[in-house]
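Visitor: For reference, this is structure.cif, and it has mmCIF, C-alpha atoms.
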data_final
loop_
_atom_site.label_atom_id
_atom_site.label_comp_id
_atom_site.auth_asym_id
_atom_site.auth_seq_id
_atom_site.Cartn_x
_atom_site.Cartn_y
_atom_site.Cartn_z
CA MET A 1 -29.75 22.08 3.07
CA SER A 2 -32.91 21.65 5.13
CA LEU A 3 -36.46 20.79 4.09
CA LYS A 4 -39.43 23.06 4.63
CA SER A 5 -42.34 20.87 3.50
CA LEU A 6 -43.29 17.27 2.84
CA LYS A 7 -46.30 15.81 0.99
CA ILE A 8 -47.12 12.13 0.61
CA GLN A 9 -49.90 10.32 -1.20
CA ASN A 10 -50.87 6.63 -0.98
CA TYR A 11 -47.78 6.06 1.14
CA ARG A 12 -48.00 3.19 3.64
CA THR A 13 -51.02 3.98 5.84
CA TYR A 14 -51.66 7.48 4.44
CA ASP A 15 -54.11 8.57 1.75
CA LYS A 16 -52.63 12.07 1.82
CA ALA A 17 -50.56 13.97 4.33
CA GLU A 18 -48.72 17.30 4.45
CA LEU A 19 -46.12 18.50 6.89
CA GLU A 20 -44.54 21.95 7.26
CA ILE A 21 -41.10 21.13 8.61
CA GLY A 22 -39.22 23.29 11.11
CA ASP A 23 -35.75 22.99 12.60
CA ILE A 24 -36.76 20.52 15.29
CA ASN A 25 -39.82 18.38 14.66
CA VAL A 26 -41.43 15.90 17.05
CA LEU A 27 -43.96 13.37 15.77
CA ILE A 28 -45.99 11.94 18.65
CA GLY A 29 -48.23 8.92 18.23
CA GLY A 30 -48.97 5.41 19.37
CA ASN A 31 -47.50 2.32 17.81
CA THR A 32 -48.87 1.59 14.29
CA GLU A 33 -50.25 5.15 13.98
CA GLY A 34 -47.82 5.94 11.14
CA LYS A 35 -45.25 8.30 12.65
CA THR A 36 -42.31 6.19 11.44
CA ASN A 37 -43.82 6.17 7.95
CA LEU A 38 -43.39 9.94 7.78
CA LEU A 39 -39.79 9.75 8.94
CA GLU A 40 -39.17 6.99 6.39
CA ALA A 41 -40.56 9.22 3.62
CA VAL A 42 -38.07 11.95 4.56
CA ALA A 43 -35.22 9.41 4.40
CA TYR A 44 -36.47 8.26 0.98
CA LEU A 45 -35.61 11.73 -0.32
CA THR A 46 -31.95 11.02 0.43
CA PHE A 47 -31.52 7.41 -0.61
CA GLY A 48 -34.24 6.90 -3.22
CA LYS A 49 -35.45 3.89 -1.29
CA SER A 50 -36.75 2.86 2.12
CA PHE A 51 -34.37 1.93 4.92
CA ARG A 52 -36.70 -0.90 5.98
CA SER A 53 -38.83 -2.19 3.05
CA GLN A 54 -39.02 -2.70 -0.69
CA ASP A 55 -40.77 -0.08 -2.83
CA LYS A 56 -43.77 -2.28 -3.54
CA ASP A 57 -44.48 -2.53 0.21
CA LEU A 58 -44.76 1.26 0.50
CA VAL A 59 -47.85 1.57 -1.69
CA LYS A 60 -51.02 1.90 0.41
CA TRP A 61 -53.16 -1.21 0.29
CA GLY A 62 -55.59 -1.09 -2.61
CA GLU A 63 -53.80 1.77 -4.41
CA GLU A 64 -51.70 1.69 -7.58
CA TYR A 65 -48.86 4.07 -6.72
CA PHE A 66 -47.29 6.30 -4.10
CA ARG A 67 -45.96 9.83 -4.41
CA ILE A 68 -43.55 11.86 -2.26
CA GLU A 69 -42.97 15.58 -2.77
CA ALA A 70 -40.75 17.86 -0.76
CA LYS A 71 -39.51 21.43 -0.97
CA ARG A 72 -36.17 22.57 0.40
CA ASN A 73 -35.36 25.92 1.91
CA ASP A 74 -33.71 26.91 -1.37
CA ASN A 75 -37.14 26.21 -2.98
CA LYS A 76 -35.84 23.27 -5.01
CA LYS A 77 -38.51 20.61 -5.27
CA ILE A 78 -37.99 16.85 -5.06
CA GLU A 79 -40.62 14.53 -6.54
CA ILE A 80 -40.78 10.74 -6.35
CA PHE A 81 -43.42 8.59 -8.03
CA TYR A 82 -43.57 4.80 -7.86
CA SER A 83 -45.97 2.27 -9.35
CA PRO A 84 -45.43 -1.50 -8.92
CA GLU A 85 -47.52 -2.71 -11.91
CA PRO A 86 -45.74 -2.35 -14.21
CA PRO A 87 -42.72 -1.33 -12.10
CA LYS A 88 -42.04 2.37 -12.65
CA LYS A 89 -40.11 4.86 -10.58
CA VAL A 90 -39.77 8.51 -11.56
CA LEU A 91 -37.51 10.88 -9.62
CA LYS A 92 -37.28 14.59 -10.29
CA ILE A 93 -35.23 17.44 -8.83
CA ALA A 94 -36.41 20.92 -9.79
CA SER A 95 -38.76 19.25 -12.32
CA LYS A 96 -35.85 17.52 -14.10
CA PRO A 97 -35.81 13.68 -14.27
CA LYS A 98 -32.96 12.11 -12.31
CA LYS A 99 -31.51 8.67 -11.71
CA GLN A 100 -31.86 7.22 -8.23
CA SER A 101 -28.10 7.53 -7.71
CA GLU A 102 -28.35 11.29 -8.30
CA LEU A 103 -30.33 11.74 -5.08
CA PHE A 104 -27.28 10.75 -3.06
CA GLY A 105 -25.56 13.87 -1.82
CA PHE A 106 -28.43 16.17 -2.77
CA ASN A 107 -30.14 15.71 0.58
CA LEU A 108 -27.91 14.44 3.36
CA ALA A 109 -29.50 12.40 6.13
CA VAL A 110 -28.52 10.30 9.13
CA VAL A 111 -31.10 7.78 10.35
CA PHE A 112 -30.99 6.40 13.89
CA THR A 113 -33.38 3.62 14.90
CA PRO A 114 -33.43 1.20 17.87
CA GLU A 115 -32.58 -1.61 15.44
CA ASP A 116 -29.24 0.05 14.65
CA ILE A 117 -27.82 -1.44 17.84
CA ASN A 118 -27.77 -4.75 15.95
CA LEU A 119 -25.14 -3.37 13.55
CA ILE A 120 -22.33 -4.30 15.95
CA ALA A 121 -23.06 -8.03 15.69
CA SER A 122 -24.58 -7.99 12.21
CA SER A 123 -23.37 -9.79 9.08
CA PRO A 124 -20.56 -8.34 6.92
CA ASP A 125 -22.98 -7.52 4.09
CA LYS A 126 -25.08 -5.31 6.38
CA LYS A 127 -21.96 -3.52 7.60
CA ARG A 128 -20.82 -2.99 4.02
CA ARG A 129 -24.27 -1.61 3.20
CA TYR A 130 -23.89 0.92 6.00
CA LEU A 131 -20.40 1.85 4.84
CA ASP A 132 -21.50 2.29 1.22
CA MET A 133 -24.51 4.38 2.24
CA VAL A 134 -22.34 6.87 4.15
CA ILE A 135 -19.51 7.18 1.61
CA SER A 136 -21.91 7.42 -1.36
CA GLN A 137 -23.49 10.55 0.14
CA VAL A 138 -20.19 12.42 -0.12
CA ASP A 139 -18.65 10.79 -3.20
CA LYS A 140 -20.81 10.13 -6.27
CA LYS A 141 -17.83 8.60 -8.05
CA TYR A 142 -17.71 5.99 -5.30
CA LEU A 143 -21.36 5.13 -5.94
CA TYR A 144 -20.69 4.94 -9.69
CA HIS A 145 -17.79 2.51 -9.17
CA LEU A 146 -19.80 0.52 -6.63
CA ILE A 147 -22.69 0.00 -9.06
CA GLY A 148 -20.25 -0.95 -11.82
CA TYR A 149 -18.32 -3.30 -9.55
CA LYS A 150 -21.46 -5.23 -8.59
CA LYS A 151 -22.41 -5.69 -12.25
CA ILE A 152 -18.92 -6.94 -13.16
CA LEU A 153 -18.85 -9.23 -10.12
CA LYS A 154 -22.12 -10.82 -11.23
CA GLN A 155 -20.72 -11.38 -14.73
CA ARG A 156 -17.47 -12.83 -13.36
CA ASN A 157 -19.31 -15.23 -11.07
CA SER A 158 -21.52 -16.34 -13.96
CA LEU A 159 -18.41 -17.03 -16.03
CA LEU A 160 -16.80 -18.98 -13.18
CA LEU A 161 -19.81 -21.28 -13.19
CA ARG A 162 -19.56 -21.76 -16.95
CA ILE A 163 -15.83 -22.54 -16.67
CA ARG A 164 -16.58 -25.11 -13.99
CA GLU A 165 -19.12 -26.68 -16.32
CA GLY A 166 -16.66 -26.64 -19.22
CA SER A 167 -18.18 -23.90 -21.39
CA GLY A 168 -16.12 -20.81 -20.41
CA SER A 169 -12.55 -19.72 -21.04
CA LEU A 170 -9.76 -18.54 -18.73
CA ARG A 171 -8.90 -15.80 -21.23
CA GLU A 172 -12.37 -14.32 -20.82
CA LEU A 173 -11.98 -14.63 -17.05
CA GLU A 174 -8.84 -12.51 -17.21
CA VAL A 175 -10.79 -9.72 -18.94
CA TRP A 176 -13.48 -9.69 -16.25
CA SER A 177 -10.83 -9.85 -13.51
CA ASP A 178 -9.08 -6.77 -14.91
CA GLN A 179 -12.37 -4.86 -15.01
CA LEU A 180 -13.15 -5.94 -11.46
CA VAL A 181 -9.82 -4.56 -10.28
CA GLN A 182 -10.35 -1.24 -12.10
CA LYS A 183 -13.67 -0.64 -10.36
CA GLY A 184 -12.74 -2.27 -7.07
CA ILE A 185 -9.52 -0.41 -6.39
CA TYR A 186 -11.35 2.92 -6.17
CA ILE A 187 -13.81 1.43 -3.67
CA ILE A 188 -11.00 0.02 -1.55
CA LYS A 189 -9.06 3.30 -1.50
CA LYS A 190 -12.12 5.30 -0.49
CA ARG A 191 -12.93 2.85 2.29
CA PHE A 192 -9.38 3.19 3.62
CA ASP A 193 -9.80 6.97 3.52
CA PHE A 194 -13.14 6.68 5.34
CA PHE A 195 -11.72 4.73 8.27
CA THR A 196 -8.80 7.17 8.52
CA ASP A 197 -11.12 10.20 8.59
CA PHE A 198 -13.67 8.54 10.85
CA GLU A 199 -11.30 7.43 13.60
CA SER A 200 -10.99 10.74 15.46
CA LEU A 201 -14.68 11.59 14.98
CA LEU A 202 -15.74 8.29 16.53
CA PHE A 203 -13.24 8.63 19.37
CA ASN A 204 -14.48 12.12 20.23
CA SER A 205 -18.13 11.10 20.03
CA TYR A 206 -17.65 8.20 22.42
CA GLN A 207 -16.07 10.53 24.98
CA PHE A 208 -19.61 11.77 25.73
CA PHE A 209 -20.20 8.42 27.44
CA SER A 210 -16.87 6.98 28.53
CA ASP A 211 -13.12 7.52 28.71
CA ASP A 212 -12.59 4.24 26.88
CA LYS A 213 -11.50 4.28 23.24
CA LEU A 214 -14.02 3.12 20.64
CA TRP A 215 -12.59 2.32 17.22
CA LEU A 216 -13.41 0.37 14.07
CA LYS A 217 -11.14 -2.34 12.69
CA TYR A 218 -11.31 -2.59 8.92
CA ILE A 219 -11.14 -6.22 7.74
CA TYR A 220 -10.19 -6.57 4.07
CA SER A 221 -8.94 -9.26 1.70
CA VAL A 222 -6.90 -6.92 -0.52
CA ASP A 223 -5.26 -3.58 0.19
CA ASN A 224 -5.33 -0.51 -2.04
CA SER A 225 -2.63 -1.80 -4.40
CA GLU A 226 -3.88 -2.61 -7.89
CA GLY A 227 -1.05 -5.07 -8.50
CA PHE A 228 -1.74 -6.90 -5.25
CA PHE A 229 -5.44 -7.16 -6.09
CA LYS A 230 -4.63 -8.72 -9.48
CA ARG A 231 -2.18 -11.21 -7.94
CA ARG A 232 -4.69 -12.25 -5.30
CA LEU A 233 -7.40 -12.86 -7.89
CA LYS A 234 -4.95 -15.07 -9.80
CA GLU A 235 -3.99 -16.96 -6.64
CA PHE A 236 -7.64 -17.72 -5.86
CA GLU A 237 -8.62 -18.51 -9.44
CA SER A 238 -8.91 -22.31 -9.01
CA ILE A 239 -10.85 -21.89 -5.75
CA ASP A 240 -13.16 -19.37 -7.43
CA ILE A 241 -13.89 -21.80 -10.27
CA ILE A 242 -14.72 -24.63 -7.87
CA SER A 243 -17.05 -22.44 -5.81
CA ALA A 244 -18.33 -20.41 -8.81
CA ARG A 245 -17.90 -17.19 -6.84
CA THR A 246 -15.23 -14.53 -6.40
CA THR A 247 -13.47 -15.17 -3.10
CA ILE A 248 -11.69 -11.85 -2.57
CA GLY A 249 -12.36 -8.18 -3.19
CA PRO A 250 -14.21 -5.28 -1.55
CA HIS A 251 -17.47 -7.27 -1.72
CA ARG A 252 -15.95 -9.41 1.08
CA ASP A 253 -14.90 -6.51 3.35
CA ASP A 254 -16.03 -6.25 6.94
CA PHE A 255 -15.38 -4.12 10.01
CA SER A 256 -15.60 -4.73 13.74
CA PHE A 257 -16.22 -2.49 16.74
CA TYR A 258 -13.45 -2.46 19.33
CA LEU A 259 -13.51 -1.01 22.81
CA ASN A 260 -9.89 -0.35 23.74
CA ASP A 261 -8.21 -3.60 22.61
CA LYS A 262 -11.18 -5.98 22.76
CA SER A 263 -13.93 -6.81 20.29
CA MET A 264 -17.25 -5.38 21.44
CA GLU A 265 -19.13 -8.23 19.83
CA SER A 266 -17.44 -10.61 22.29
CA ILE A 267 -17.40 -8.59 25.50
CA GLY A 268 -19.71 -5.57 25.10
CA SER A 269 -22.74 -5.06 27.32
CA ARG A 270 -26.11 -3.90 26.00
CA GLY A 271 -25.43 -0.44 27.40
CA GLU A 272 -22.02 -0.29 25.72
CA PHE A 273 -23.64 -1.36 22.44
CA ARG A 274 -26.09 1.54 22.73
CA SER A 275 -23.28 4.01 23.46
CA ALA A 276 -21.20 2.69 20.57
CA VAL A 277 -23.99 2.98 18.00
CA LEU A 278 -25.00 6.41 19.24
CA ALA A 279 -21.37 7.51 18.98
CA LEU A 280 -21.27 6.05 15.48
CA LYS A 281 -24.27 8.16 14.45
CA LEU A 282 -22.83 11.30 16.02
CA ALA A 283 -19.58 10.70 14.15
CA GLU A 284 -21.48 9.97 10.94
CA ILE A 285 -23.31 13.27 10.98
CA LYS A 286 -20.03 15.17 11.59
CA TYR A 287 -18.33 13.19 8.81
CA LEU A 288 -21.02 14.12 6.28
CA GLU A 289 -20.91 17.75 7.34
CA ASN A 290 -17.11 17.94 7.18
CA LYS A 291 -16.98 16.40 3.71
CA THR A 292 -19.75 18.47 2.13
CA ASP A 293 -19.97 21.71 4.16
CA ASN A 294 -23.71 20.96 4.43
CA LYS A 295 -25.64 19.89 7.49
CA PRO A 296 -27.48 16.56 7.24
CA ILE A 297 -31.02 16.04 8.47
CA PHE A 298 -31.06 13.92 11.62
CA LEU A 299 -33.89 11.35 11.70
CA LEU A 300 -34.45 9.73 15.10
CA ASP A 301 -37.01 6.95 15.16
CA ASP A 302 -38.28 6.34 18.72
CA VAL A 303 -34.78 6.17 20.21
CA PHE A 304 -35.06 8.40 23.29
CA SER A 305 -36.99 5.80 25.28
CA GLU A 306 -34.05 3.44 24.72
CA LEU A 307 -31.47 5.84 26.16
CA ASP A 308 -30.56 6.83 29.69
CA ILE A 309 -30.30 10.48 30.77
CA LYS A 310 -26.60 10.81 29.88
CA ARG A 311 -27.11 9.56 26.34
CA ARG A 312 -30.23 11.69 25.88
CA GLU A 313 -28.31 14.79 26.90
CA ALA A 314 -25.61 13.98 24.34
CA LEU A 315 -28.29 13.85 21.67
CA TYR A 316 -29.96 17.06 22.92
CA THR A 317 -26.63 18.87 22.55
CA LEU A 318 -26.28 17.75 18.95
CA ILE A 319 -29.89 18.26 17.89
CA THR A 320 -29.75 22.03 18.34
CA ASN A 321 -27.23 22.21 15.47
CA TYR A 322 -29.19 20.22 12.88
CA GLN A 323 -32.62 19.98 11.38
CA THR A 324 -34.13 17.00 13.17
CA VAL A 325 -37.22 14.82 12.94
CA ILE A 326 -37.99 12.80 16.06
CA THR A 327 -40.66 10.15 16.51
CA SER A 328 -41.86 9.11 19.96
CA THR A 329 -44.86 7.51 21.63
CA ASP A 330 -44.95 10.29 24.24
CA LEU A 331 -43.18 13.46 25.37
CA GLU A 332 -41.86 12.30 28.74
CA HIS A 333 -38.46 11.26 27.37
CA LEU A 334 -37.86 14.64 25.72
CA SER A 335 -36.46 17.60 27.63
CA PRO A 336 -38.55 20.75 28.20
CA GLU A 337 -35.78 22.78 26.54
CA LEU A 338 -36.04 20.65 23.41
CA LEU A 339 -39.85 20.74 23.33
CA GLU A 340 -39.82 24.52 23.71
CA LYS A 341 -37.90 24.83 20.44
CA ALA A 342 -39.75 22.06 18.57
CA LYS A 343 -42.74 21.90 16.27
CA ILE A 344 -44.88 19.12 17.74
CA PHE A 345 -47.24 17.06 15.61
CA LYS A 346 -49.80 14.57 16.89
CA ILE A 347 -50.26 11.51 14.68
CA GLU A 348 -53.65 9.91 15.29
CA ASN A 349 -55.67 7.65 13.00
CA HIS A 350 -53.00 8.28 10.36
CA GLU A 351 -53.72 11.98 10.35
CA ILE A 352 -51.33 14.79 11.27
CA LYS A 353 -52.42 17.50 13.69
CA LYS A 354 -50.33 20.37 15.06
CA ALA A 355 -50.08 19.89 18.83
#
Please lay out the structure from this file as structure tokens.

Guide:
Amino acid sequence: MSLKSLKIQNYRTYDKAELEIGDINVLIGGNTEGKTNLLEAVAYLTFGKSFRSQDKDLVKWGEEYFRIEAKRNDNKKIEIFYSPEPPKKVLKIASKPKKQSELFGFNLAVVFTPEDINLIASSPDKKRRYLDMVISQVDKKYLYHLIGYKKILKQRNSLLLRIREGSGSLRELEVWSDQLVQKGIYIIKKRFDFFTDFESLLFNSYQFFSDDKLWLKYIYSVDNSEGFFKRRLKEFESIDIISARTTIGPHRDDFSFYLNDKSMESIGSRGEFRSAVLALKLAEIKYLENKTDNKPIFLLDDVFSELDIKRREALYTLITNYQTVITSTDLEHLSPELLEKAKIFKIENHEIKKA
């Protein structure tokens, strides 16, 4: 479901700003003018948080709160209010208060920034964060189990420390281990399903750029067998107590990018990294659409200047099928065909003007 309007107040560099959103939207402005702040506000409507900063950093300097309001094409309104002192966040959909987790799946979005190229060589926790963000948009039960798993993991690790110090019991540890398995097994199964579903989408997306095969290798410490998970926790129990942390489980999962039979992190060029991440985003948007029968909003933050003509054309082809918000410092990297269909906004001195 697409958006038709956006309002922000005391958000980043803006006192107030309003935007009537079309199918294709281009935000033109110099660096530090605030165009990415608008795109970030749109993404906030999906995830209930920024993809680059903490909530407290989003409040305009000298102000006490920020507010985001948006209206969808079905006239449902989304409202977000945040105040850092004391910390308070209020989210509403159609005037009804909602938890942050309830935003997931209500507005689907795919964000593509130049920094995403770093995902290929990033740490396992950042890759898991990406994985969780995508799956949570199509499966609220996954998000529920993920939140519960993290809470149980924290409790288990705290108990491991107490056992190491002589004040905790192994019987209590068994209780927390069983709860960890109950929450964790759902996460593991859904991640296996994701990589199965994603394989062909990623392969097809990469064919825009090369005949090579791009695929993701899922690296896990336990499979989707509940009994195996329990046995592995028992096997690592003494190690866990010594380290005061849980050694195995979905919180330790990772994945790697492979080009044919070789790890991209080891042999990939900068150009191949760009193609791989672009293919990943193209596959991601198809995955979300296939799972929900709804089209995500595509948010492209100053990426066209980073791409060659072939990769730009691949994006142009996709953009015509989705509501899109593009930021750029100029128009020269955007095709005339795209600009003819787009609503163009000039961002200058943190004000929005229709170009």

Visitor: List every residue of range 225-302 of chain A that has an atom at most 10 Å from any atom of range 43-66 of chain A, and for each one report the closest atom pair and its distance in Å to one decimal, counting all atoms listed in the file, with rows sorted by chain and then by increasing residue number, as CSV.

Guide:
residue,atom,partner,partner_atom,distance
A:Pro296,CA,A:Thr46,CA,9.9
A:Ile297,CA,A:Ala43,CA,8.8
A:Phe298,CA,A:Ala43,CA,9.5
A:Leu299,CA,A:Ala43,CA,7.7

Visitor: Leaving out Arg129 in chain A and any residue of its chain fewer than 4 positions from it, which residues lie within 12 Å of it when counting all atoms listed in the file, given as number ranges by chain?

Guide: A: 51, 119, 122-125, 133-136, 143, 146, 250-255

Visitor: Can you work out the spacing between CA of Lys234 in chain A and CA of Tyr149 in chain A in Å, to one decimal?

Guide: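 Between CA of Lys234 in chain A and CA of Tyr149 in chain A the gap is 17.8 Å.
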
Visitor: Quick one: residues within 8 Å of range 266-280 of chain A, all atoms listed in the file counted, chain neighbours fewer than 3 positions away excluded, as a list in words?

Guide: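 Close residues of range 266-280 of chain A: Asp116, Ile117, Leu119, Ile120, Leu202, Ser205, Tyr206, Phe209, Leu214, Lys262, Ser263, Ala283, Glu284, Leu307 and Arg311 of chain A.
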
Visitor: Pick out the residues sitting within 9 Å of Leu338 in chain A, and hand them over as a list in words; count all atoms listed in the file, and ignore anything fewer than 4 positions along from it in its own chain.

Guide: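 After dropping sequence-adjacent residues, the list is Ile24, Tyr316, Ile319, Thr320, Leu334 and Ala342 of chain A.
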
Visitor: So which one's closest to Met264 in chain A, A:Ala121, A:Val303, A:Leu159, A:Ile80? Using all atoms listed in the file, please.

Guide: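 Distance minimum relative to Met264 in chain A lands on A:Ala121.
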
Visitor: Using all atoms listed in the file, which of A:Ser256, A:Leu6, A:Ile28, A:Lys190 sits nearest Lys343 in chain A?

Guide: A:Ile28

Visitor: Residue by residue, what does the PyMOL selection byres ((chain A and resi 328) around 12) grab here? Present the result as a PyMOL selection string.

Guide: chain A and resi 25-36+39+113-114+299-306+325-327+329-334+344-347

Visitor: Once you add 4 Å to each side, what are the centre and edge lengths of the axis-aligned box holding all listed atoms of range 159-174 of chain A? One decimal in Å, as lines of an AutoDock Vina configuration file, if you can.

Guide:
center_x = -14.3
center_y = -19.6
center_z = -17.3
size_x = 19.0
size_y = 22.2
size_z = 16.2

Visitor: State, in Å with one decimal place, the distance from CA of Lys76 in chain A to CA of Ala94 in chain A.

Guide: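 Answer for the CA of Lys76 in chain A to CA of Ala94 in chain A separation: 5.4 Å.
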
Visitor: Would you mind completing range 266-285 of chain A so that it carries N, CA and C atoms, and writing it out as a short mmCIF file (atom, residue, chain, number, x, y, z; two decimals), keeping the file's coordinate frame?

Guide:
data_model
loop_
_atom_site.label_atom_id
_atom_site.label_comp_id
_atom_site.auth_asym_id
_atom_site.auth_seq_id
_atom_site.Cartn_x
_atom_site.Cartn_y
_atom_site.Cartn_z
N SER A 266 -17.73 -9.52 21.35
CA SER A 266 -17.44 -10.61 22.29
C SER A 266 -17.70 -10.21 23.74
N ILE A 267 -17.39 -8.96 24.09
CA ILE A 267 -17.40 -8.59 25.50
C ILE A 267 -18.34 -7.43 25.85
N GLY A 268 -18.92 -6.78 24.85
CA GLY A 268 -19.71 -5.57 25.10
C GLY A 268 -21.04 -5.86 25.78
N SER A 269 -21.43 -4.98 26.69
CA SER A 269 -22.74 -5.06 27.32
C SER A 269 -23.77 -4.38 26.44
N ARG A 270 -25.04 -4.55 26.76
CA ARG A 270 -26.11 -3.90 26.00
C ARG A 270 -25.97 -2.39 26.08
N GLY A 271 -25.62 -1.88 27.24
CA GLY A 271 -25.43 -0.44 27.40
C GLY A 271 -24.27 0.08 26.58
N GLU A 272 -23.17 -0.70 26.52
CA GLU A 272 -22.02 -0.29 25.72
C GLU A 272 -22.36 -0.34 24.22
N PHE A 273 -23.19 -1.30 23.83
CA PHE A 273 -23.64 -1.36 22.44
C PHE A 273 -24.42 -0.09 22.08
N ARG A 274 -25.31 0.33 22.99
CA ARG A 274 -26.09 1.54 22.73
C ARG A 274 -25.17 2.76 22.59
N SER A 275 -24.22 2.88 23.51
CA SER A 275 -23.28 4.01 23.46
C SER A 275 -22.46 3.99 22.18
N ALA A 276 -22.04 2.81 21.77
CA ALA A 276 -21.20 2.69 20.57
C ALA A 276 -21.97 3.10 19.33
N VAL A 277 -23.21 2.64 19.20
CA VAL A 277 -23.99 2.98 18.00
C VAL A 277 -24.39 4.45 18.00
N LEU A 278 -24.70 4.98 19.17
CA LEU A 278 -25.00 6.41 19.24
C LEU A 278 -23.77 7.23 18.86
N ALA A 279 -22.61 6.83 19.35
CA ALA A 279 -21.37 7.51 18.98
C ALA A 279 -21.12 7.40 17.49
N LEU A 280 -21.43 6.24 16.91
CA LEU A 280 -21.27 6.05 15.48
C LEU A 280 -22.13 7.05 14.70
N LYS A 281 -23.37 7.24 15.14
CA LYS A 281 -24.27 8.16 14.45
C LYS A 281 -23.83 9.61 14.62
N LEU A 282 -23.34 9.94 15.80
CA LEU A 282 -22.83 11.30 16.02
C LEU A 282 -21.62 11.56 15.14
N ALA A 283 -20.75 10.56 15.01
CA ALA A 283 -19.58 10.70 14.15
C ALA A 283 -19.99 10.76 12.68
N GLU A 284 -21.00 9.99 12.33
CA GLU A 284 -21.48 9.97 10.94
C GLU A 284 -21.99 11.34 10.51
N ILE A 285 -22.74 11.97 11.37
CA ILE A 285 -23.31 13.27 10.98
C ILE A 285 -22.21 14.33 10.85
#
